[in-house]
Structures are given as structure tokens and as C-alpha cells.
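Each remark here refers to the structure printed beneath this line.
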Amino acid sequence: MLDAKTIALIKSTVPVLETRGREITTRFYQLMFRHHPELLHIFNHVNQKRGRQQTALAHAVYAAAVHIDRLEEILPVVRQIAHKHRSIGVLPEHYPIVGKHLLLAIKDVLGDAATDEMLKAWEKAYQVIADVFIRVEQEMYEQVKRQTGGWEGFRDFVVVRKVKESDVITSFYLQPTDGDPIALYLPGQYISVKLEIPGETYTHIRQYSLSDRPGKPYYRISVKREDAAANKPAGMVSSFLHASVREGDVLPISAPAGDFTLDLASDLPLVLISGGVGFTPLLSMLHTVVEEQPTRAVTYIHAAVNGRVHAMRNEVAELAQNHLQLKTYFCYSSPTEEDKAAANYDKAGHLDLAWLQSILSDKQAQFYICGPIPFMQTVYAALQRWGAADEQIRYEFFGPASTLKRHSA
Ligand SMILES: Cc1cc2nc3c(=O)[nH]c(=O)nc-3n(C[C@H](O)[C@H](O)[C@H](O)COP(=O)(O)OP(=O)(O)OC[C@H]3O[C@@H](n4cnc5c(N)ncnc54)[C@H](O)[C@@H]3O)c2cc1C
Ligand code: HEM
């Protein structure tokens, strides 16, 4: 454990590191990738370019440092990050590399302001924080290895079916090439897919939520193609999966992970609210809840631009037909003429509090939200204004985890 003097020094230097946080982590990545280019196989290059990973790592290190004498308080956050690390394949031997380059970066950016005493204190603190991550991740590695059908690292799966679900979303049904069982998972969890794309020096790893219910002989992922637009290139992995991966092709994937999971111990009404491709973890929850809790009230709200990009509509409609506990609502921001003629949506435009209140009888419910960040901010702020209990609102980012709290004030 750290001594009181080191703890005081760490806490007193957090503000200066936070102010220079972006610079430090940017420098950290430059140095680390220069000395360890092999790590480019596991980091998401786009998150790097867009600064998303820099922010996530900086926040996590400082949050941990502030809590250095009571790290148990941030264990839920550690576990969430550890799920991602385990899914990607971060190992204990990677931690000293990160620690060394973090210290080098602090020294580089702060110059003389980084005293030997301060650097020593941060070295010790990093060790303490890293040990917590390593321990939590080790437990997760052991757990997936022990689990029936579980495995460590990446395992080859063959694409047994590829199904177009909408103009932009395609599902891939995956079964292991070894023919052995596959691990059960909690509805809401994701897998990582590792791709070798022709012409690319490094592998690319991305996460995809499992969109069917656990217990099937396959895993299903449903992927949105990220097309090129005005000032952004086409998404690397999603474009490749759509255009080049065919039935019979093999994809290495890691065992299911993630803590955005359905709470089946609760019997509060369940409200699943998704925007765009964010429906995937919620669809898995939906399939599960109607089977496991047939008397629980469930509302499924999905927002899409219009009917052309609305995926899996029939699958949800069929569930609603067979399970009276389920009510479904579709919200189209720009319905097409065909949508208007078919009157196949419940609300035009964006979802708002007045509309939510008109379809939901009670704010005493468990809410799960997933979708683009502005969509989640709108829904979260609406639920807060209504007075829904914070601990009953859960959400997932399809990128580095963050919080909606600071946006909703
Ligand atoms: C837990 C989790 C679950 C997920 N589940 C799903 C799911 O079920 N289905 C799904 O479709 N996705 C899901 N995702 C998202 C998925 O992991 C990928 O992020 C997504 O498919 C995009 O990856 P890509 O390689 O196609 O795009 P990338 O190449 O990673 O690009 C991402 C975006 O950034 C833009 N971009 C690229 N380069 C730049 C640049 N230099 N400047 C500005 N913009 C740039 C691209 O146009 C694209 O829109 C999930 C993510 C997480 C973390
Ligand atoms: C104590 C040290 C560390 C902290 C505090 C930390 C923190 C974080 C955080 C906050 C995220 C984002 C989580 C999310 O996406 O939801 C993340 C992701 C990630 N971390 Fe770490 N991490 C640490 C060590 C490491 C190590 C040692 C490696 C391996 C070299 C590593 C590799 C990654 C990768 C590859 C990602 C996903 C990045 C992406 O896809 O953009 N991390 N980490």
C-alpha cells in the first residue's frame, strides 16, 4: 500500500496532470507506439485519431489516482474497462509498457515541473492501479476459460449466414470452426472481432453486441455500414464486413464480455430505448425477457431515420404478436413517402419527454438506452427531467465508455 506522503503528493498533482491531460496522453501514445509498434495491432487507430481514447485513458488514470487510497470505490468502473481489455486481449505484461511510457510522457510534457519526487510517487501509484486492473482481468480470463464453451483470446468462427436487415445493417451468424460448444452470455454483452484487412499493416479489432438471445448454437452480430461522408472516410471494419466478408469466411472473435446487461432479478417494467444500430444489445435483452419473465411489462422503443434503414422490424413485430406483455413503438425522424403511406411508425421527428410520457404509464421502470451519443443525451435528459431514478437508467456507448451525467445538467 502507498504511504501517506505519496498519497498526498499524488492527489496534489492530479489537477496539473488533468489540465495537461490531453497533451500527456497524446505524447504517451506517440512514445509507446514508437517503441512498441506491435501494440498497434490491438489499439483502435480511429479512436486515436479522433482523440477519444486519449480522453478515456486520461480520465481513468486520474479518477483512479484521486481514489488511490480507496480504490474499491471505483471497482465498477475498473470492471467495465477490464471487460473491454479482456475482450481485446490486454495482458499483464502490457502494463509495465504503459506505465513506463506514461511516466516518460509526464516528464516530457511537464519538464522541470515534474520533480523526481513526483515521478517516483506516480510510478508507485501506477503500480497500485495496474495491479488492481491485472487482478480483475485475470479473474475474467479465468472465468471465460472455465465456462462451458468459453475460451481465452481469439477463436475462429465461420460466417454461416449473412443476412441483409436494412439498407445499412447486415447480420452475421457465427459458429466456431472447431464445432465445440459456445459460451452462454448475458443479454447486452458484446464480442470483439479481429480482422486482417488486405493492404493494412495492422489488425483491426472492433466490438459488436450480440443481437440474438443466449443459448442459440450461433452468435449473431448486426453491423451498420459506416459510409464515407463529407469529411470522414468510410468505416474500416464495418465496410469490410459488408463488402468483403462472405458466408464460409472465418473471423477470429473473443468470448462475450461487457457489463451492460439485463437485470433479470428485477420485475420493474422494462423500457428499452434504442436509436439506429444501438438496438442490437436491446434486441438480445428483448428476446430474453419475453422468454424468462413472461409477466413483466416491456416497452420497446426504437428510433430510426426512416423505414429503409430500420432493421429487424419484423423480428420485433413477431415478438410483440406472440407476447402480450410487450408494447413496441417506432419513431422515424424523416419518414419517407412510403412510410407515410403505410403509416408504419408511431411518431415522426425526434423522441421527446412529452411523447415518452404519453406512451409510458410510469417513470418507475428500468430503462436501458443505446444509440448515437446525441440520441442518448436527449433520452437521458428527458428521463432526468421526468424524475426517473438515476440508478434505474443504464446505457452503453458504441465507443470508449463515457458518462451522460455531465451533459444533462
Ligand atoms: C460495446 C460496443 C458494442 C458495439 N456494438 C455494435 C453493434 O452491435 N453494431 C454495430 O454496427 N456497431 C457496434 N459497435 C461499434 C463498432 O465497434 C465499430 O465502432 C463500428 O462498426 C465502426 O467501426 P469501423 O471500423 O467501420 O469504423 P472506423 O474505421 O473505426 O471509423 C469509425 C467512425 O469514424 C469515422 N472516421 C474514421 N476516420 C476518421 C477521421 N480520421 N476523422 C473523423 N472521422 C473518422 C468513420 O467514418 C466512422 O464513422 C459497438 C461498439 C462497442 C464499443
Ligand atoms: C492502469 C492502466 C490502464 C488504464 C487506467 C486504462 C484505461 C482504459 C480506458 C478508460 C479505456 C476505454 C474503455 C472503453 O472503451 O470503454 C481503455 C481501453 C483500452 N485499453 Fe486501457 N487502460 C490501462 C492499461 C492498458 C494496457 C496495459 C493496455 C495494453 C497495452 C491497454 C489497452 C487498451 C485498449 C486496446 C483499449 C481499447 C481502445 C480502443 O479500442 O480504442 N490499456 N483503457
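In the C-alpha cells, chains take letters A, B, ... by order of appearance, with residues numbered from 1 within each chain and ligands from 1 in the order shown.
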
Query - Contacts of ligand 2, 6 Å or closer, only C-alpha atoms and all ligand atoms, given as a VMD selection string - result: chain A and resid 42 to 44 47 53 56 to 57 60 to 61 81 84 to 85 90 94 to 95 98 129 to 130 399 to 401

Query - At most 7 Å from ligand 1 (only C-alpha atoms and all ligand atoms): residue list as a ChimeraX atom specification - result: /A:44,46,49-50,190,206-211,221-229,231-239,277-278,280-281,396-400

Non-local contacts of range 361-376 of chain A (9 Å; only C-alpha atoms; under 5 positions in same chain excluded) as a JSON list (two decimals) with all heavy atoms, in the first residue's frame:
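Saved file out07.json follows:
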```
[["chain", "number", "residue", "atom", "x", "y", "z"],
["A", 260, "PHE", "N", -23.05, -4.15, -19.56],
["A", 260, "PHE", "CA", -24.35, -3.54, -19.89],
["A", 260, "PHE", "C", -25.30, -4.72, -20.12],
["A", 260, "PHE", "O", -25.47, -5.20, -21.23],
["A", 260, "PHE", "CB", -24.19, -2.69, -21.16],
["A", 260, "PHE", "CG", -25.48, -2.06, -21.64],
["A", 260, "PHE", "CD1", -26.12, -1.08, -20.89],
["A", 260, "PHE", "CD2", -26.03, -2.42, -22.86],
["A", 260, "PHE", "CE1", -27.29, -0.49, -21.34],
["A", 260, "PHE", "CE2", -27.21, -1.84, -23.33],
["A", 260, "PHE", "CZ", -27.83, -0.87, -22.57],
["A", 262, "LEU", "N", -28.86, -7.16, -18.93],
["A", 262, "LEU", "CA", -30.23, -7.12, -18.44],
["A", 262, "LEU", "C", -30.32, -7.66, -17.02],
["A", 262, "LEU", "O", -29.79, -8.73, -16.73],
["A", 262, "LEU", "CB", -31.10, -7.97, -19.38],
["A", 262, "LEU", "CG", -32.57, -8.08, -19.04],
["A", 262, "LEU", "CD1", -33.24, -6.71, -19.03],
["A", 262, "LEU", "CD2", -33.28, -9.00, -20.03],
["A", 263, "ASP", "N", -31.02, -6.91, -16.17],
["A", 263, "ASP", "CA", -31.20, -7.34, -14.79],
["A", 263, "ASP", "C", -32.48, -8.18, -14.70],
["A", 263, "ASP", "O", -33.58, -7.64, -14.62],
["A", 263, "ASP", "CB", -31.29, -6.10, -13.90],
["A", 263, "ASP", "CG", -31.59, -6.44, -12.46],
["A", 263, "ASP", "OD1", -31.59, -7.65, -12.12],
["A", 263, "ASP", "OD2", -31.85, -5.52, -11.67],
["A", 266, "SER", "N", -34.98, -8.13, -11.43],
["A", 266, "SER", "CA", -35.97, -7.08, -11.17],
["A", 266, "SER", "C", -37.27, -7.41, -11.88],
["A", 266, "SER", "O", -37.26, -8.01, -12.96],
["A", 266, "SER", "CB", -35.42, -5.75, -11.72],
["A", 266, "SER", "OG", -36.46, -4.80, -11.81],
["A", 267, "ASP", "N", -38.39, -7.00, -11.27],
["A", 267, "ASP", "CA", -39.64, -7.16, -12.01],
["A", 267, "ASP", "C", -40.27, -5.80, -12.32],
["A", 267, "ASP", "O", -41.44, -5.69, -12.66],
["A", 267, "ASP", "CB", -40.62, -8.10, -11.31],
["A", 267, "ASP", "CG", -40.89, -7.66, -9.89],
["A", 267, "ASP", "OD1", -40.42, -6.56, -9.53],
["A", 267, "ASP", "OD2", -41.57, -8.41, -9.15],
["A", 268, "LEU", "N", -39.48, -4.73, -12.19],
["A", 268, "LEU", "CA", -39.97, -3.41, -12.60],
["A", 268, "LEU", "C", -40.26, -3.44, -14.10],
["A", 268, "LEU", "O", -39.61, -4.18, -14.84],
["A", 268, "LEU", "CB", -38.87, -2.36, -12.37],
["A", 268, "LEU", "CG", -38.70, -1.76, -10.98],
["A", 268, "LEU", "CD1", -37.52, -0.80, -10.99],
["A", 268, "LEU", "CD2", -39.96, -1.04, -10.54],
["A", 269, "PRO", "N", -41.22, -2.62, -14.56],
["A", 269, "PRO", "CA", -41.42, -2.55, -16.01],
["A", 269, "PRO", "C", -40.09, -2.26, -16.70],
["A", 269, "PRO", "O", -39.27, -1.49, -16.17],
["A", 269, "PRO", "CB", -42.39, -1.38, -16.18],
["A", 269, "PRO", "CG", -43.09, -1.28, -14.87],
["A", 269, "PRO", "CD", -42.13, -1.74, -13.82],
["A", 270, "LEU", "N", -39.90, -2.87, -17.85],
["A", 270, "LEU", "CA", -38.64, -2.71, -18.58],
["A", 270, "LEU", "C", -38.88, -1.84, -19.80],
["A", 270, "LEU", "O", -39.81, -2.08, -20.56],
["A", 270, "LEU", "CB", -38.14, -4.10, -19.01],
["A", 270, "LEU", "CG", -36.88, -4.15, -19.84],
["A", 270, "LEU", "CD1", -35.67, -3.69, -19.03],
["A", 270, "LEU", "CD2", -36.63, -5.58, -20.35],
["A", 271, "VAL", "N", -38.04, -0.82, -19.96],
["A", 271, "VAL", "CA", -38.18, 0.08, -21.12],
["A", 271, "VAL", "C", -36.86, 0.09, -21.88],
["A", 271, "VAL", "O", -35.83, 0.50, -21.35],
["A", 271, "VAL", "CB", -38.56, 1.51, -20.66],
["A", 271, "VAL", "CG1", -38.78, 2.40, -21.89],
["A", 271, "VAL", "CG2", -39.79, 1.50, -19.78],
["A", 272, "LEU", "N", -36.89, -0.41, -23.12],
["A", 272, "LEU", "CA", -35.68, -0.48, -23.94],
["A", 272, "LEU", "C", -35.78, 0.60, -25.02],
["A", 272, "LEU", "O", -36.75, 0.61, -25.79],
["A", 272, "LEU", "CB", -35.60, -1.87, -24.60],
["A", 272, "LEU", "CG", -35.68, -3.06, -23.63],
["A", 272, "LEU", "CD1", -35.81, -4.38, -24.38],
["A", 272, "LEU", "CD2", -34.43, -3.11, -22.75],
["A", 273, "ILE", "N", -34.82, 1.52, -25.02],
["A", 273, "ILE", "CA", -34.91, 2.66, -25.96],
["A", 273, "ILE", "C", -33.65, 2.71, -26.81],
["A", 273, "ILE", "O", -32.55, 2.94, -26.29],
["A", 273, "ILE", "CB", -35.06, 4.00, -25.20],
["A", 273, "ILE", "CG1", -36.16, 3.92, -24.13],
["A", 273, "ILE", "CG2", -35.33, 5.14, -26.17],
["A", 273, "ILE", "CD1", -36.34, 5.18, -23.30],
["A", 274, "SER", "N", -33.82, 2.50, -28.12],
["A", 274, "SER", "CA", -32.63, 2.49, -28.97],
["A", 274, "SER", "C", -32.75, 3.48, -30.12],
["A", 274, "SER", "O", -33.85, 3.81, -30.58],
["A", 274, "SER", "CB", -32.38, 1.09, -29.53],
["A", 274, "SER", "OG", -33.50, 0.66, -30.27],
["A", 275, "GLY", "N", -31.58, 3.92, -30.58],
["A", 275, "GLY", "CA", -31.52, 4.76, -31.77],
["A", 275, "GLY", "C", -30.58, 4.08, -32.76],
["A", 275, "GLY", "O", -29.50, 3.62, -32.38],
["A", 276, "GLY", "N", -30.98, 3.99, -34.04],
["A", 276, "GLY", "CA", -30.12, 3.41, -35.08],
["A", 276, "GLY", "C", -29.67, 2.00, -34.71],
["A", 276, "GLY", "O", -30.43, 1.21, -34.17],
["A", 277, "VAL", "N", -28.38, 1.73, -34.98],
["A", 277, "VAL", "CA", -27.89, 0.36, -34.75],
["A", 277, "VAL", "C", -27.76, 0.04, -33.25],
["A", 277, "VAL", "O", -27.50, -1.11, -32.87],
["A", 277, "VAL", "CB", -26.56, 0.14, -35.49],
["A", 277, "VAL", "CG1", -25.39, 0.84, -34.80],
["A", 277, "VAL", "CG2", -26.28, -1.36, -35.64],
["A", 278, "GLY", "N", -28.01, 1.01, -32.40],
["A", 278, "GLY", "CA", -27.98, 0.80, -30.94],
["A", 278, "GLY", "C", -29.02, -0.20, -30.46],
["A", 278, "GLY", "O", -29.04, -0.56, -29.28],
["A", 279, "PHE", "N", -29.87, -0.67, -31.36],
["A", 279, "PHE", "CA", -30.89, -1.65, -30.93],
["A", 279, "PHE", "C", -30.27, -3.01, -30.60],
["A", 279, "PHE", "O", -30.90, -3.83, -29.95],
["A", 279, "PHE", "CB", -31.97, -1.83, -32.02],
["A", 279, "PHE", "CG", -31.50, -2.61, -33.20],
["A", 279, "PHE", "CD1", -31.50, -4.00, -33.20],
["A", 279, "PHE", "CD2", -30.99, -1.97, -34.32],
["A", 279, "PHE", "CE1", -31.03, -4.74, -34.29],
["A", 279, "PHE", "CE2", -30.52, -2.68, -35.41],
["A", 279, "PHE", "CZ", -30.54, -4.07, -35.39],
["A", 280, "THR", "N", -29.03, -3.28, -31.06],
["A", 280, "THR", "CA", -28.53, -4.67, -31.01],
["A", 280, "THR", "C", -28.49, -5.27, -29.60],
["A", 280, "THR", "O", -29.04, -6.35, -29.41],
["A", 280, "THR", "CB", -27.15, -4.79, -31.71],
["A", 280, "THR", "OG1", -26.29, -3.78, -31.21],
["A", 280, "THR", "CG2", -27.28, -4.66, -33.23],
["A", 281, "PRO", "N", -27.88, -4.60, -28.60],
["A", 281, "PRO", "CA", -27.89, -5.24, -27.27],
["A", 281, "PRO", "C", -29.31, -5.32, -26.71],
["A", 281, "PRO", "O", -29.65, -6.26, -25.98],
["A", 281, "PRO", "CB", -27.01, -4.33, -26.41],
["A", 281, "PRO", "CG", -26.94, -3.03, -27.12],
["A", 281, "PRO", "CD", -27.14, -3.32, -28.58],
["A", 282, "LEU", "N", -30.16, -4.34, -27.08],
["A", 282, "LEU", "CA", -31.52, -4.30, -26.53],
["A", 282, "LEU", "C", -32.40, -5.39, -27.14],
["A", 282, "LEU", "O", -33.29, -5.93, -26.49],
["A", 282, "LEU", "CB", -32.14, -2.92, -26.75],
["A", 282, "LEU", "CG", -31.33, -1.73, -26.21],
["A", 282, "LEU", "CD1", -32.17, -0.46, -26.21],
["A", 282, "LEU", "CD2", -30.82, -1.98, -24.80],
["A", 303, "ALA", "N", -35.86, 4.26, -32.45],
["A", 303, "ALA", "CA", -35.83, 5.44, -33.32],
["A", 303, "ALA", "C", -34.91, 5.16, -34.50],
["A", 303, "ALA", "O", -33.78, 4.69, -34.32],
["A", 303, "ALA", "CB", -35.34, 6.65, -32.53],
["A", 350, "HIS", "N", -38.17, 13.79, -33.66],
["A", 350, "HIS", "CA", -37.34, 13.22, -32.60],
["A", 350, "HIS", "C", -38.17, 12.87, -31.37],
["A", 350, "HIS", "O", -39.19, 13.48, -31.11],
["A", 350, "HIS", "CB", -36.22, 14.19, -32.24],
["A", 350, "HIS", "CG", -35.20, 14.32, -33.34],
["A", 350, "HIS", "ND1", -34.35, 13.28, -33.64],
["A", 350, "HIS", "CD2", -34.94, 15.31, -34.21],
["A", 350, "HIS", "CE1", -33.58, 13.65, -34.66],
["A", 350, "HIS", "NE2", -33.93, 14.89, -35.03],
["A", 351, "LEU", "N", -37.64, 11.91, -30.68],
["A", 351, "LEU", "CA", -38.28, 11.45, -29.45],
["A", 351, "LEU", "C", -38.15, 12.55, -28.37],
["A", 351, "LEU", "O", -37.13, 13.22, -28.31],
["A", 351, "LEU", "CB", -37.45, 10.24, -29.09],
["A", 351, "LEU", "CG", -37.83, 9.19, -28.16],
["A", 351, "LEU", "CD1", -37.14, 7.92, -28.61],
["A", 351, "LEU", "CD2", -37.34, 9.59, -26.83],
["A", 381, "ALA", "N", -31.57, 13.05, -20.72],
["A", 381, "ALA", "CA", -32.01, 14.34, -20.14],
["A", 381, "ALA", "C", -33.52, 14.33, -19.94],
["A", 381, "ALA", "O", -34.02, 14.82, -18.93],
["A", 381, "ALA", "CB", -31.58, 15.48, -21.06],
["A", 383, "LEU", "N", -35.47, 11.72, -19.35],
["A", 383, "LEU", "CA", -35.80, 10.86, -18.21],
["A", 383, "LEU", "C", -35.44, 11.55, -16.89],
["A", 383, "LEU", "O", -36.15, 11.43, -15.89],
["A", 383, "LEU", "CB", -35.09, 9.51, -18.33],
["A", 383, "LEU", "CG", -35.54, 8.63, -19.50],
["A", 383, "LEU", "CD1", -34.72, 7.33, -19.55],
["A", 383, "LEU", "CD2", -37.03, 8.30, -19.40],
["A", 386, "TRP", "N", -38.05, 14.05, -16.06],
["A", 386, "TRP", "CA", -39.27, 13.37, -15.60],
["A", 386, "TRP", "C", -39.11, 12.92, -14.14],
["A", 386, "TRP", "O", -40.08, 12.77, -13.41],
["A", 386, "TRP", "CB", -39.53, 12.16, -16.51],
["A", 386, "TRP", "CG", -40.91, 11.57, -16.35],
["A", 386, "TRP", "CD1", -41.95, 12.08, -15.62],
["A", 386, "TRP", "CD2", -41.38, 10.36, -16.96],
["A", 386, "TRP", "NE1", -43.03, 11.25, -15.73],
["A", 386, "TRP", "CE2", -42.72, 10.20, -16.54],
["A", 386, "TRP", "CE3", -40.81, 9.42, -17.81],
["A", 386, "TRP", "CZ2", -43.50, 9.13, -16.95],
["A", 386, "TRP", "CZ3", -41.59, 8.34, -18.21],
["A", 386, "TRP", "CH2", -42.92, 8.20, -17.80],
["A", 387, "GLY", "N", -37.85, 12.73, -13.74],
["A", 387, "GLY", "CA", -37.59, 12.31, -12.37],
["A", 387, "GLY", "C", -37.35, 10.81, -12.23],
["A", 387, "GLY", "O", -37.46, 10.26, -11.13],
["A", 388, "ALA", "N", -37.01, 10.15, -13.33],
["A", 388, "ALA", "CA", -36.69, 8.71, -13.24],
["A", 388, "ALA", "C", -35.44, 8.54, -12.39],
["A", 388, "ALA", "O", -34.53, 9.38, -12.44],
["A", 388, "ALA", "CB", -36.46, 8.15, -14.65],
["A", 389, "ALA", "N", -35.42, 7.48, -11.59],
["A", 389, "ALA", "CA", -34.29, 7.28, -10.67],
["A", 389, "ALA", "C", -33.01, 6.98, -11.47],
["A", 389, "ALA", "O", -33.03, 6.13, -12.37],
["A", 389, "ALA", "CB", -34.60, 6.12, -9.74],
["A", 391, "GLU", "N", -30.35, 5.40, -10.78],
["A", 391, "GLU", "CA", -29.83, 4.02, -10.76],
["A", 391, "GLU", "C", -30.65, 3.07, -11.62],
["A", 391, "GLU", "O", -30.27, 1.93, -11.84],
["A", 391, "GLU", "CB", -29.66, 3.50, -9.32],
["A", 391, "GLU", "CG", -30.92, 3.41, -8.49],
["A", 391, "GLU", "CD", -31.34, 4.74, -7.86],
["A", 391, "GLU", "OE1", -30.78, 5.80, -8.21],
["A", 391, "GLU", "OE2", -32.26, 4.72, -7.02],
["A", 392, "GLN", "N", -31.81, 3.56, -12.10],
["A", 392, "GLN", "CA", -32.63, 2.70, -12.99],
["A", 392, "GLN", "C", -32.39, 3.01, -14.46],
["A", 392, "GLN", "O", -33.10, 2.50, -15.34],
["A", 392, "GLN", "CB", -34.13, 2.86, -12.67],
["A", 392, "GLN", "CG", -34.52, 2.49, -11.26],
["A", 392, "GLN", "CD", -34.24, 1.03, -10.93],
["A", 392, "GLN", "OE1", -33.85, 0.24, -11.78],
["A", 392, "GLN", "NE2", -34.39, 0.68, -9.67],
["A", 393, "ILE", "N", -31.43, 3.91, -14.74],
["A", 393, "ILE", "CA", -31.15, 4.24, -16.16],
["A", 393, "ILE", "C", -29.78, 3.71, -16.51],
["A", 393, "ILE", "O", -28.77, 4.12, -15.94],
["A", 393, "ILE", "CB", -31.18, 5.76, -16.39],
["A", 393, "ILE", "CG1", -32.45, 6.38, -15.83],
["A", 393, "ILE", "CG2", -31.02, 6.07, -17.88],
["A", 393, "ILE", "CD1", -32.50, 7.90, -15.93],
["A", 394, "ARG", "N", -29.73, 2.76, -17.45],
["A", 394, "ARG", "CA", -28.45, 2.19, -17.86],
["A", 394, "ARG", "C", -28.23, 2.45, -19.35],
["A", 394, "ARG", "O", -29.19, 2.48, -20.11],
["A", 394, "ARG", "CB", -28.43, 0.68, -17.59],
["A", 394, "ARG", "CG", -28.89, 0.36, -16.17],
["A", 394, "ARG", "CD", -28.05, -0.63, -15.46],
["A", 394, "ARG", "NE", -26.78, -0.89, -16.05],
["A", 394, "ARG", "CZ", -26.27, -2.10, -16.19],
["A", 394, "ARG", "NH1", -26.95, -3.14, -15.81],
["A", 394, "ARG", "NH2", -25.07, -2.27, -16.69],
["A", 395, "TYR", "N", -26.99, 2.65, -19.73],
["A", 395, "TYR", "CA", -26.74, 2.95, -21.15],
["A", 395, "TYR", "C", -25.38, 2.41, -21.58],
["A", 395, "TYR", "O", -24.51, 2.14, -20.76],
["A", 395, "TYR", "CB", -26.83, 4.46, -21.42],
["A", 395, "TYR", "CG", -26.08, 5.32, -20.43],
["A", 395, "TYR", "CD1", -24.72, 5.56, -20.59],
["A", 395, "TYR", "CD2", -26.72, 5.89, -19.33],
["A", 395, "TYR", "CE1", -24.02, 6.34, -19.69],
["A", 395, "TYR", "CE2", -26.02, 6.67, -18.42],
["A", 395, "TYR", "CZ", -24.68, 6.90, -18.61],
["A", 395, "TYR", "OH", -23.98, 7.67, -17.72],
["A", 396, "GLU", "N", -25.24, 2.27, -22.90],
["A", 396, "GLU", "CA", -23.99, 1.75, -23.47],
["A", 396, "GLU", "C", -23.53, 2.66, -24.60],
["A", 396, "GLU", "O", -24.35, 3.06, -25.45],
["A", 396, "GLU", "CB", -24.26, 0.34, -24.03],
["A", 396, "GLU", "CG", -23.11, -0.25, -24.82],
["A", 396, "GLU", "CD", -22.29, -1.25, -24.03],
["A", 396, "GLU", "OE1", -21.75, -0.88, -22.97],
["A", 396, "GLU", "OE2", -22.20, -2.40, -24.48],
["A", 397, "PHE", "N", -22.25, 2.97, -24.63],
["A", 397, "PHE", "CA", -21.67, 3.72, -25.75],
["A", 397, "PHE", "C", -21.07, 2.73, -26.74],
["A", 397, "PHE", "O", -20.36, 1.81, -26.33],
["A", 397, "PHE", "CB", -20.54, 4.63, -25.25],
["A", 397, "PHE", "CG", -21.02, 5.83, -24.50],
["A", 397, "PHE", "CD1", -21.26, 5.76, -23.13],
["A", 397, "PHE", "CD2", -21.21, 7.03, -25.13],
["A", 397, "PHE", "CE1", -21.70, 6.86, -22.42],
["A", 397, "PHE", "CE2", -21.65, 8.15, -24.44],
["A", 397, "PHE", "CZ", -21.89, 8.06, -23.08],
["A", 398, "PHE", "N", -21.30, 2.95, -28.01],
["A", 398, "PHE", "CA", -20.64, 2.15, -29.04],
["A", 398, "PHE", "C", -19.28, 2.76, -29.36],
["A", 398, "PHE", "O", -18.95, 3.05, -30.50],
["A", 398, "PHE", "CB", -21.51, 2.06, -30.30],
["A", 398, "PHE", "CG", -22.56, 0.98, -30.25],
["A", 398, "PHE", "CD1", -22.75, 0.21, -29.10],
["A", 398, "PHE", "CD2", -23.36, 0.70, -31.36],
["A", 398, "PHE", "CE1", -23.71, -0.78, -29.05],
["A", 398, "PHE", "CE2", -24.32, -0.30, -31.32],
["A", 398, "PHE", "CZ", -24.50, -1.04, -30.17],
["A", 404, "LEU", "N", -23.20, 10.12, -19.33],
["A", 404, "LEU", "CA", -24.16, 11.09, -19.86],
["A", 404, "LEU", "C", -24.46, 12.15, -18.81],
["A", 404, "LEU", "O", -25.09, 13.15, -19.10],
["A", 404, "LEU", "CB", -25.47, 10.37, -20.22],
["A", 404, "LEU", "CG", -25.41, 9.40, -21.41],
["A", 404, "LEU", "CD1", -26.74, 8.66, -21.56],
["A", 404, "LEU", "CD2", -25.08, 10.15, -22.70]]
```

Query - Polymer residues at most 9 Å from range 167-181 of chain A, only C-alpha atoms, same-chain spacing of 2 or more positions, as a PyMOL selection string - result: chain A and resi 148-150+155-165+183+211+217-227+241-242+247+250-251+277+308-311

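For the atom pair formed by CA of Glu142 in chain A and CA of Pro252 in chain A, the distance is 19.6 Å, given to one decimal.
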
Requested in this report: Per DSSP on the backbone, filter range 271-369 of chain A down to the residues in alpha helix (DSSP H) and report them as a PyMOL selection string.
Outcome: chain A and resi 279-292+313-322+337-342+353-359
